[in-house]
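Below you'll find the structure, written out as structure tokens, and then a few comments.
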Amino acid sequence: MLKLRSLQKKKQEELKDSNTNNTNYLSNDKPTPAQLRIEKDLKSLDIPPTIQFKQLDSSKMQFEIIIKPDEGFYKFGIFKFQMTINNNFPIDAPKVKCLNKIYHPNIDLDGNICLNILREDWSPVLNLNSILVGLLFLFLEPNGNDPLNKESAGVLIRDKNLFKKYVNVSMNGGSIDGVRYDYVH
């Protein structure tokens with residue numbers, strides 16, 4: 001029991017020492033465990049040039065993500081996302097929303113995203129890098145078998161050429177079945 005207490009005390013002192021050197025926070029308050037984890041994840045980011053990631057507000061833990069696929073159906077598109085992380089991160093998965101109205105089987109018209117690591121497969125061992133690569137993968141390999149947008153998933157499964165045509169129309173700000181999509185080039 002004494003050893004456990006001495007380890008806890010040592011850990012608290014180390015945390016205190018690291019906080020005195022931390023200038024990323026706007027106030028003098030001690031950073032939360034979520035903020036410490038985010039800082040660790042940011043230092044270890046290793047993302048391809050097709051992903052841009054920037055912190056919008058450190059106190060609110062909000063981030064902007066821009067995905068620019070260089071292959072696949074969505075090649076040359078520019079897709080914006082907002083990620084918000086709560087104070088229970090990494091226990092809780094971040095909330096990610098697509099800010100563009102796009103024709104995609106795994107992203108609905110409200111910007112909700114069907115990505116398993118943001119839902120049932122979330123684990124605290126996953127990091128920000130995992131999420132960013134997962135988002136990019138949605139554009140490289142859209143999944144018609146786990147859709148949020150059932151209409152586009154049906155087209156993807158039935159006729160890949162028609163799906164490609166619809167993606168191109170939508171990325172240029174066109175309409176499909178009465179829905180106008182955002183220009184994303």
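In the structure tokens, the first chain shown is A, the next is B, and so on; residue numbers restart at 1 for each chain, and ligands run from 1 in the order shown.
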
For this session: Tell me which protein, DNA and RNA residues are within 12 Å of Lys165 in chain A, counting only C-alpha atoms, leaving out same-chain ones fewer than 6 positions away, and put them as a list in words.
Result: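 Neighbouring residues, sequence-local ones excluded: Phe73, Tyr74, Tyr103, Ser152, Val155, Leu156, Asp159, Met171, Asn172, Gly174, Ser175 and Ile176 of chain A.
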
Keeping only N, CA, C and O atoms, write those residues as a compact mmCIF listing (two decimals), in the first residue's frame.
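Listing of part35.txt after writing:
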```txt
# COMPACT_ATOMS: atom_id res chain seq x y z
N PHE A 73 -13.02 7.57 -56.48
CA PHE A 73 -14.20 8.31 -56.95
C PHE A 73 -14.14 9.79 -56.59
O PHE A 73 -14.67 10.63 -57.32
N TYR A 74 -13.55 10.12 -55.46
CA TYR A 74 -13.58 11.49 -54.93
C TYR A 74 -12.29 12.27 -55.20
O TYR A 74 -12.05 13.30 -54.59
N TYR A 103 -22.37 13.47 -51.77
CA TYR A 103 -22.99 12.21 -52.17
C TYR A 103 -22.03 11.10 -51.80
O TYR A 103 -21.04 10.85 -52.49
N SER A 152 -27.24 6.24 -52.12
CA SER A 152 -25.93 6.23 -52.80
C SER A 152 -25.25 4.87 -52.63
O SER A 152 -24.56 4.41 -53.53
N VAL A 155 -26.64 2.57 -55.28
CA VAL A 155 -26.07 2.85 -56.59
C VAL A 155 -24.63 2.31 -56.66
O VAL A 155 -24.25 1.70 -57.67
N LEU A 156 -23.85 2.49 -55.61
CA LEU A 156 -22.47 1.99 -55.58
C LEU A 156 -22.45 0.48 -55.78
O LEU A 156 -21.62 -0.04 -56.54
N ASP A 159 -24.17 -0.27 -59.62
CA ASP A 159 -23.59 0.28 -60.86
C ASP A 159 -22.48 1.29 -60.53
O ASP A 159 -22.76 2.47 -60.33
N MET A 171 -20.01 16.60 -56.74
CA MET A 171 -18.81 17.37 -56.37
C MET A 171 -18.75 18.71 -57.10
O MET A 171 -18.10 19.64 -56.64
N ASN A 172 -19.44 18.81 -58.24
CA ASN A 172 -19.49 20.07 -58.99
C ASN A 172 -20.69 20.93 -58.59
O ASN A 172 -21.04 21.88 -59.31
N GLY A 174 -23.85 19.97 -58.30
CA GLY A 174 -25.08 19.61 -59.00
C GLY A 174 -26.12 18.99 -58.09
O GLY A 174 -25.92 18.83 -56.89
N SER A 175 -27.24 18.60 -58.71
CA SER A 175 -28.36 17.98 -57.99
C SER A 175 -28.53 16.54 -58.45
O SER A 175 -28.36 16.23 -59.63
N ILE A 176 -28.91 15.70 -57.49
CA ILE A 176 -29.25 14.31 -57.77
C ILE A 176 -30.53 14.01 -57.00
O ILE A 176 -30.59 14.24 -55.78
```

Exercise. What are the DSSP strand (DSSP E) residues of range 15-170 of chain A, as a list in words?
Worked result: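 Checking each residue of range 15-170 of chain A, the strand (DSSP E) ones are Ile51, Gln52, Phe53, Lys54, Gln55, Leu56, Asp57, Gln62, Phe63, Glu64, Ile65, Ile66, Ile67, Phe79, Lys80, Phe81, Gln82, Met83, Thr84, Lys95, Val96, Lys97 and Cys98 of chain A.
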
Exercise. Skipping near chain neighbours, those fewer than 5 positions away, what residues fall within 7 Å of range 88-93 of chain A using only C-alpha atoms, listed as a list of chain:residue names?
Worked result: A:Ala34, A:Leu118, A:Trp122, A:Pro124

Export, as a PDB file, in the first residue's frame, the selected residues with C-alpha atoms.
```
ATOM      1  CA  ALA A  34      -7.964  14.770 -22.331  1.00  0.00           C
ATOM      2  CA  LEU A 118     -15.973   6.558 -34.243  1.00  0.00           C
ATOM      3  CA  TRP A 122     -13.743   2.992 -30.643  1.00  0.00           C
ATOM      4  CA  PRO A 124      -8.877   4.440 -26.002  1.00  0.00           C
TER       5      PRO A 124
END
```

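Minimum distance to Ser130 in chain A across A:Pro69, A:Pro147, A:Gly111, A:Pro94 (counting only C-alpha atoms) occurs at A:Pro94.
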
Exercise. Within 12 Å of Leu42 in chain A, counting only C-alpha atoms, which residues qualify if same-chain residues fewer than 2 places away don't, as a ChimeraX atom specification?
Worked result: /A:24,35-40,44-47,53-55,58,61,63,127-130,132

For this session: To one decimal in Å, tell me the separation between CA of Pro142 in chain A and CA of Val125 in chain A.
Result: 24.6 Å

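CA of Ser123 in chain A is positioned 27.0 Å from CA of Ala153 in chain A.
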
For this session: Enumerate as a PyMOL selection string all residues of chain A assigned to helix (DSSP H, G or I) by DSSP on the backbone, naming them with the chain letters and numbers the document uses.
Result: chain A and resi 2-20+33-43+116-118+128-140+150-158+160-171

For this session: Could you jot down the CA of Leu138 in chain A to CA of Leu162 in chain A separation for me, Å, one decimal place?
Result: 18.6 Å

Problem set entry | Counting only C-alpha atoms, the residue of A:Lys68, A:Lys30, A:Arg158, A:Lys101 that sits nearest Pro48 in chain A |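 Going through A:Lys68, A:Lys30, A:Arg158, A:Lys101 one by one, the smallest distance to Pro48 in chain A is for A:Lys68.
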
Problem set entry | Option closest in space to Cys98 in chain A, from A:Ile157, A:Cys114, A:Val179, A:Leu126 [counting only C-alpha atoms] |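 Closest residue, counting only C-alpha atoms: A:Cys114.
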